[in-house]
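Peer 1: Below you'll find the structure I mean.
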Amino acid sequence: PGDIKKDAQKDSEEMGCFAYNMVSEDLAVAMNYSAAEMGRTESEFELAGLSSDTATLVDAPVVKDARVKYECEYVKTVDVANFSIVIGKVVGVTVDKSILTDGRVDPIKARPILRMGYMDEYGVISSAQHVQP
């Protein structure tokens with residue numbers, strides 16, 4: 001329900017900052033575990049088997065193994081129907097050099113995923129084709 005806030009939203013609003021970690025295919029299962037409903041004092045990192053690190057520019061944890069980490073200052077929360085969207089200003093980005101090709105993030109190397117529905121439904125980029133506008 002829209003009146004129940006996830007810990008990530010509460011933390012962002014209270015701390016004034018947050019980190020967004022790009023999920024790659026190898027972290028998909030951990031991503032699902034990290035979305036579990038848990039008590040405020042329980043660790044999603046621990047449940048998911050993830051190692052955390054401290055962001056460089058904001059006071060927020062990051063996923064140590066994430067290949068792309070966005071450090072953000074909290075801007076506002078927008079309520080839409082029965083969920084909320086947390087909006088932030090990106091103040092720093094860390095990119096693992098192993099996913100770069102010619103200085104740019106290579107989606108084939110990065111293998112980013114997105115949730116498509118339920119716990120075991122997600123999409124992954126398996127090939128890329130550059131289209132000129």
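Ligands are numbered from 1 in the order shown, chains are lettered A, B, ... in the order of the structure tokens, and residues start at 1 in each chain.
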Can you list, as a ChimeraX atom specification, every protein, DNA or RNA residue that comes within 10 Å of Gln9 in chain A when you count only C-alpha atoms, leaving out same-chain residues fewer than 3 positions away?

Peer 2: /A:4-6,12-15,18,74,77,84-87

Peer 1: Would you mind exporting N, CA and C atoms of the selected residues as a PDB file, in the first residue's frame?

Peer 2:
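part32.pdb, freshly written:
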```pdb
ATOM      1  N   ILE A   4       2.689   2.596   3.239  1.00  0.00           N
ATOM      2  CA  ILE A   4       3.804   1.860   3.827  1.00  0.00           C
ATOM      3  C   ILE A   4       5.056   2.169   3.027  1.00  0.00           C
ATOM      4  N   LYS A   5       6.049   2.750   3.709  1.00  0.00           N
ATOM      5  CA  LYS A   5       7.295   3.109   3.035  1.00  0.00           C
ATOM      6  C   LYS A   5       8.332   2.012   3.225  1.00  0.00           C
ATOM      7  N   LYS A   6       9.062   1.695   2.151  1.00  0.00           N
ATOM      8  CA  LYS A   6      10.187   0.776   2.240  1.00  0.00           C
ATOM      9  C   LYS A   6      11.329   1.487   2.969  1.00  0.00           C
ATOM     10  N   SER A  12      16.329   7.506   2.573  1.00  0.00           N
ATOM     11  CA  SER A  12      16.601   8.607   1.644  1.00  0.00           C
ATOM     12  C   SER A  12      16.031   9.917   2.168  1.00  0.00           C
ATOM     13  N   GLU A  13      14.789   9.869   2.620  1.00  0.00           N
ATOM     14  CA  GLU A  13      14.121  11.068   3.119  1.00  0.00           C
ATOM     15  C   GLU A  13      14.770  11.581   4.404  1.00  0.00           C
ATOM     16  N   GLU A  14      15.132  10.670   5.295  1.00  0.00           N
ATOM     17  CA  GLU A  14      15.708  11.068   6.580  1.00  0.00           C
ATOM     18  C   GLU A  14      17.169  11.506   6.466  1.00  0.00           C
ATOM     19  N   MET A  15      17.951  10.815   5.651  1.00  0.00           N
ATOM     20  CA  MET A  15      19.384  11.091   5.535  1.00  0.00           C
ATOM     21  C   MET A  15      19.691  12.181   4.503  1.00  0.00           C
ATOM     22  N   PHE A  18      21.080   9.028  -1.025  1.00  0.00           N
ATOM     23  CA  PHE A  18      20.945   7.599  -1.266  1.00  0.00           C
ATOM     24  C   PHE A  18      21.890   7.204  -2.394  1.00  0.00           C
ATOM     25  N   TYR A  74      19.089  13.479  -2.072  1.00  0.00           N
ATOM     26  CA  TYR A  74      17.633  13.371  -2.115  1.00  0.00           C
ATOM     27  C   TYR A  74      17.026  14.711  -2.539  1.00  0.00           C
ATOM     28  N   THR A  77      10.098  13.080  -2.891  1.00  0.00           N
ATOM     29  CA  THR A  77       9.364  11.843  -3.115  1.00  0.00           C
ATOM     30  C   THR A  77       8.045  12.215  -3.771  1.00  0.00           C
ATOM     31  N   SER A  84       5.479   5.059  -4.415  1.00  0.00           N
ATOM     32  CA  SER A  84       6.214   6.321  -4.381  1.00  0.00           C
ATOM     33  C   SER A  84       7.466   6.219  -5.239  1.00  0.00           C
ATOM     34  N   ILE A  85       7.866   7.349  -5.800  1.00  0.00           N
ATOM     35  CA  ILE A  85       9.096   7.439  -6.578  1.00  0.00           C
ATOM     36  C   ILE A  85      10.013   8.411  -5.850  1.00  0.00           C
ATOM     37  N   VAL A  86      11.207   7.932  -5.503  1.00  0.00           N
ATOM     38  CA  VAL A  86      12.191   8.786  -4.845  1.00  0.00           C
ATOM     39  C   VAL A  86      13.058   9.404  -5.933  1.00  0.00           C
ATOM     40  N   ILE A  87      13.171  10.723  -5.923  1.00  0.00           N
ATOM     41  CA  ILE A  87      13.930  11.446  -6.942  1.00  0.00           C
ATOM     42  C   ILE A  87      15.166  12.046  -6.289  1.00  0.00           C
TER      43      ILE A  87
END
```

Peer 1: Please identify the strand (DSSP E or B) residues within range 34-68 of chain A (assignment by DSSP from backbone atoms) and present them as a list in words.

Peer 2: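 The strand (DSSP E or B) subset of range 34-68 of chain A is Ser52, Asp53, Thr54, Pro61, Val62, Val63 and Val68 of chain A.
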
Peer 1: Rounded to one decimal, what separation in Å do you get between CA of Ile108 in chain A and CA of Ser24 in chain A?

Peer 2: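 Between CA of Ile108 in chain A and CA of Ser24 in chain A the gap works out to 10.4 Å.
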
Peer 1: In Å to one decimal, how far is CA of Ala110 in chain A from CA of Arg67 in chain A?

Peer 2: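 Straight-line distance from CA of Arg67 in chain A to CA of Ala110 in chain A works out to 7.2 Å.
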
Peer 1: Among the residues of range 9-122 of chain A, find those DSSP assigns to alpha helix (DSSP H) from the backbone and print them as a ChimeraX atom specification.

Peer 2: /A:9-15,28-34,44-48,107-110

Peer 1: Between A:Cys17, A:Arg104, A:Ala55, A:Val23, which one has atoms that come closest to Gly123 in chain A, using only C-alpha atoms?

Peer 2: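 Smallest separation from Gly123 in chain A among the options: A:Val23.
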
Peer 1: Residues at most 6 Å from range 88-98 of chain A, counting only C-alpha atoms, excluding those fewer than 6 positions away in the same chain, as a list in words?

Peer 2: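 Within the cut-off, the hits are Arg67, Val68, Lys69, Tyr70, Glu71, Cys72, Glu73, Tyr74 and Val75 of chain A.
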
Peer 1: Would you export the selected residues with C-alpha atoms as a JSON list (two decimals), in the first residue's frame, please?

Peer 2:
```json
[["chain", "number", "residue", "atom", "x", "y", "z"],
["A", 67, "ARG", "CA", 29.56, -2.30, -11.57],
["A", 68, "VAL", "CA", 27.88, 1.12, -11.68],
["A", 69, "LYS", "CA", 27.05, 3.14, -8.55],
["A", 70, "TYR", "CA", 25.20, 6.45, -8.58],
["A", 71, "GLU", "CA", 25.53, 8.64, -5.48],
["A", 72, "CYS", "CA", 22.54, 10.93, -5.08],
["A", 73, "GLU", "CA", 21.30, 13.81, -2.97],
["A", 74, "TYR", "CA", 17.63, 13.37, -2.11],
["A", 75, "VAL", "CA", 15.36, 15.87, -3.90]]
```

Peer 1: By how many Å are CA of Asn21 in chain A and CA of Asp79 in chain A apart?

Peer 2: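 If I compute the distance from CA of Asn21 in chain A to CA of Asp79 in chain A, I get 22.1 Å.
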
Peer 1: Neighbouring residues of Glu37 in chain A were defined as those with any atom within 12 Å, considering only C-alpha atoms; residues of the same chain fewer than 4 positions away were excluded. Please report them as a list in words.

Peer 2: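 In the requested format, the answer is Ile4, Lys5, Lys6, Asp7, Ala8, Asn32, Tyr33, Thr41, Glu42, Ser43, Glu44 and Leu47 of chain A.
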
Peer 1: Can you write out the residues you just picked, keeping N, CA and C atoms, as a CSV table (one decimal), in the first residue's frame?

Peer 2:
```
chain,number,residue,atom,x,y,z
A,4,ILE,N,2.7,2.6,3.2
A,4,ILE,CA,3.8,1.9,3.8
A,4,ILE,C,5.1,2.2,3.0
A,5,LYS,N,6.0,2.7,3.7
A,5,LYS,CA,7.3,3.1,3.0
A,5,LYS,C,8.3,2.0,3.2
A,6,LYS,N,9.1,1.7,2.2
A,6,LYS,CA,10.2,0.8,2.2
A,6,LYS,C,11.3,1.5,3.0
A,7,ASP,N,12.2,0.7,3.5
A,7,ASP,CA,13.4,1.3,4.3
A,7,ASP,C,14.2,2.2,3.4
A,8,ALA,N,14.4,1.9,2.1
A,8,ALA,CA,15.2,2.7,1.2
A,8,ALA,C,14.6,4.1,1.1
A,32,ASN,N,16.6,-9.6,-5.8
A,32,ASN,CA,15.3,-10.0,-5.3
A,32,ASN,C,15.3,-10.2,-3.8
A,33,TYR,N,16.3,-10.7,-3.2
A,33,TYR,CA,16.4,-10.9,-1.8
A,33,TYR,C,16.4,-9.5,-1.1
A,41,THR,N,15.6,-2.7,11.5
A,41,THR,CA,16.9,-3.0,12.1
A,41,THR,C,17.6,-4.2,11.4
A,42,GLU,N,16.9,-4.9,10.5
A,42,GLU,CA,17.4,-6.0,9.8
A,42,GLU,C,18.2,-5.6,8.6
A,43,SER,N,19.1,-6.4,8.1
A,43,SER,CA,20.0,-6.0,7.0
A,43,SER,C,19.6,-6.8,5.7
A,44,GLU,N,19.2,-6.0,4.7
A,44,GLU,CA,18.9,-6.6,3.4
A,44,GLU,C,20.2,-7.0,2.8
A,47,LEU,N,20.9,-10.5,4.3
A,47,LEU,CA,20.0,-11.5,3.7
A,47,LEU,C,20.3,-11.9,2.3
```

Peer 1: Quick one: everything within 7 Å of Val124 in chain A, counting only C-alpha atoms, minus sequence neighbours fewer than 5 positions away in the same chain. Send it as a PDB file with all heavy atoms, in the first residue's frame.

Peer 2:
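Saved result, selection.pdb, follows:
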```pdb
ATOM      1  N   GLU A  25      23.425  -9.011 -14.310  1.00  0.00           N
ATOM      2  CA  GLU A  25      22.822 -10.347 -14.299  1.00  0.00           C
ATOM      3  C   GLU A  25      23.320 -11.199 -13.133  1.00  0.00           C
ATOM      4  O   GLU A  25      22.547 -11.925 -12.519  1.00  0.00           O
ATOM      5  CB  GLU A  25      23.099 -11.043 -15.631  1.00  0.00           C
ATOM      6  CG  GLU A  25      22.365 -12.351 -15.790  1.00  0.00           C
ATOM      7  CD  GLU A  25      22.546 -12.951 -17.171  1.00  0.00           C
ATOM      8  OE1 GLU A  25      23.584 -12.697 -17.819  1.00  0.00           O
ATOM      9  OE2 GLU A  25      21.648 -13.684 -17.596  1.00  0.00           O
ATOM     10  N   ARG A 111      25.809  -6.200 -18.712  1.00  0.00           N
ATOM     11  CA  ARG A 111      24.682  -7.120 -18.526  1.00  0.00           C
ATOM     12  C   ARG A 111      23.657  -6.578 -17.515  1.00  0.00           C
ATOM     13  O   ARG A 111      23.274  -7.257 -16.566  1.00  0.00           O
ATOM     14  CB  ARG A 111      25.146  -8.504 -18.109  1.00  0.00           C
ATOM     15  CG  ARG A 111      26.224  -9.110 -18.956  1.00  0.00           C
ATOM     16  CD  ARG A 111      25.930 -10.123 -19.962  1.00  0.00           C
ATOM     17  NE  ARG A 111      24.908 -11.093 -19.694  1.00  0.00           N
ATOM     18  CZ  ARG A 111      24.143 -11.557 -20.666  1.00  0.00           C
ATOM     19  NH1 ARG A 111      24.285 -11.125 -21.891  1.00  0.00           N
ATOM     20  NH2 ARG A 111      23.246 -12.456 -20.414  1.00  0.00           N
ATOM     21  N   PRO A 112      23.200  -5.317 -17.715  1.00  0.00           N
ATOM     22  CA  PRO A 112      22.225  -4.765 -16.775  1.00  0.00           C
ATOM     23  C   PRO A 112      20.890  -5.484 -16.884  1.00  0.00           C
ATOM     24  O   PRO A 112      20.517  -5.963 -17.953  1.00  0.00           O
ATOM     25  CB  PRO A 112      22.094  -3.312 -17.223  1.00  0.00           C
ATOM     26  CG  PRO A 112      22.405  -3.343 -18.679  1.00  0.00           C
ATOM     27  CD  PRO A 112      23.451  -4.418 -18.835  1.00  0.00           C
ATOM     28  N   ILE A 113      20.195  -5.570 -15.763  1.00  0.00           N
ATOM     29  CA  ILE A 113      18.882  -6.216 -15.765  1.00  0.00           C
ATOM     30  C   ILE A 113      17.837  -5.261 -15.209  1.00  0.00           C
ATOM     31  O   ILE A 113      18.150  -4.238 -14.619  1.00  0.00           O
ATOM     32  CB  ILE A 113      18.868  -7.523 -14.945  1.00  0.00           C
ATOM     33  CG1 ILE A 113      19.103  -7.241 -13.467  1.00  0.00           C
ATOM     34  CG2 ILE A 113      19.868  -8.516 -15.480  1.00  0.00           C
ATOM     35  CD1 ILE A 113      18.745  -8.409 -12.585  1.00  0.00           C
ATOM     36  N   LEU A 114      16.583  -5.637 -15.402  1.00  0.00           N
ATOM     37  CA  LEU A 114      15.481  -4.897 -14.825  1.00  0.00           C
ATOM     38  C   LEU A 114      14.416  -5.881 -14.403  1.00  0.00           C
ATOM     39  O   LEU A 114      14.275  -6.950 -15.003  1.00  0.00           O
ATOM     40  CB  LEU A 114      14.902  -3.901 -15.842  1.00  0.00           C
ATOM     41  CG  LEU A 114      14.422  -4.537 -17.145  1.00  0.00           C
ATOM     42  CD1 LEU A 114      12.984  -4.144 -17.393  1.00  0.00           C
ATOM     43  CD2 LEU A 114      15.303  -4.057 -18.266  1.00  0.00           C
TER      44      LEU A 114
END
```

Peer 1: Applying 9 Å and only C-alpha atoms, which residues near Leu50 in chain A remain after dropping the ones on its own chain fewer than 4 positions away? List them as a compact mmCIF listing (two decimals) with N, CA, C and O atoms, in the first residue's frame.

Peer 2:
```txt
# COMPACT_ATOMS: atom_id res chain seq x y z
N LEU A 27 23.96 -10.37 -10.22
CA LEU A 27 23.40 -9.93 -8.95
C LEU A 27 21.87 -10.04 -8.90
O LEU A 27 21.25 -9.57 -7.96
N ALA A 30 20.35 -11.80 -5.77
CA ALA A 30 20.56 -10.95 -4.60
C ALA A 30 19.63 -9.74 -4.64
O ALA A 30 19.12 -9.32 -3.60
N SER A 34 17.11 -8.54 -1.74
CA SER A 34 17.25 -7.22 -1.12
C SER A 34 15.93 -6.45 -1.10
O SER A 34 15.81 -5.46 -0.38
N GLU A 44 19.18 -5.99 4.73
CA GLU A 44 18.92 -6.59 3.42
C GLU A 44 20.23 -7.05 2.78
O GLU A 44 20.27 -8.04 2.06
N PHE A 45 21.31 -6.33 3.04
CA PHE A 45 22.62 -6.73 2.53
C PHE A 45 22.97 -8.13 3.03
O PHE A 45 23.40 -8.99 2.26
N GLU A 46 22.77 -8.36 4.32
CA GLU A 46 23.10 -9.66 4.92
C GLU A 46 22.21 -10.76 4.35
O GLU A 46 22.69 -11.83 3.97
N VAL A 63 26.44 -1.12 -2.97
CA VAL A 63 26.72 -2.54 -3.16
C VAL A 63 28.14 -2.65 -3.71
O VAL A 63 28.42 -2.15 -4.80
N LYS A 64 29.00 -3.27 -2.94
CA LYS A 64 30.42 -3.34 -3.30
C LYS A 64 30.64 -3.92 -4.70
O LYS A 64 31.47 -3.45 -5.45
N ASP A 65 29.87 -4.96 -5.06
CA ASP A 65 30.07 -5.64 -6.35
C ASP A 65 29.30 -5.04 -7.51
O ASP A 65 29.39 -5.53 -8.64
```
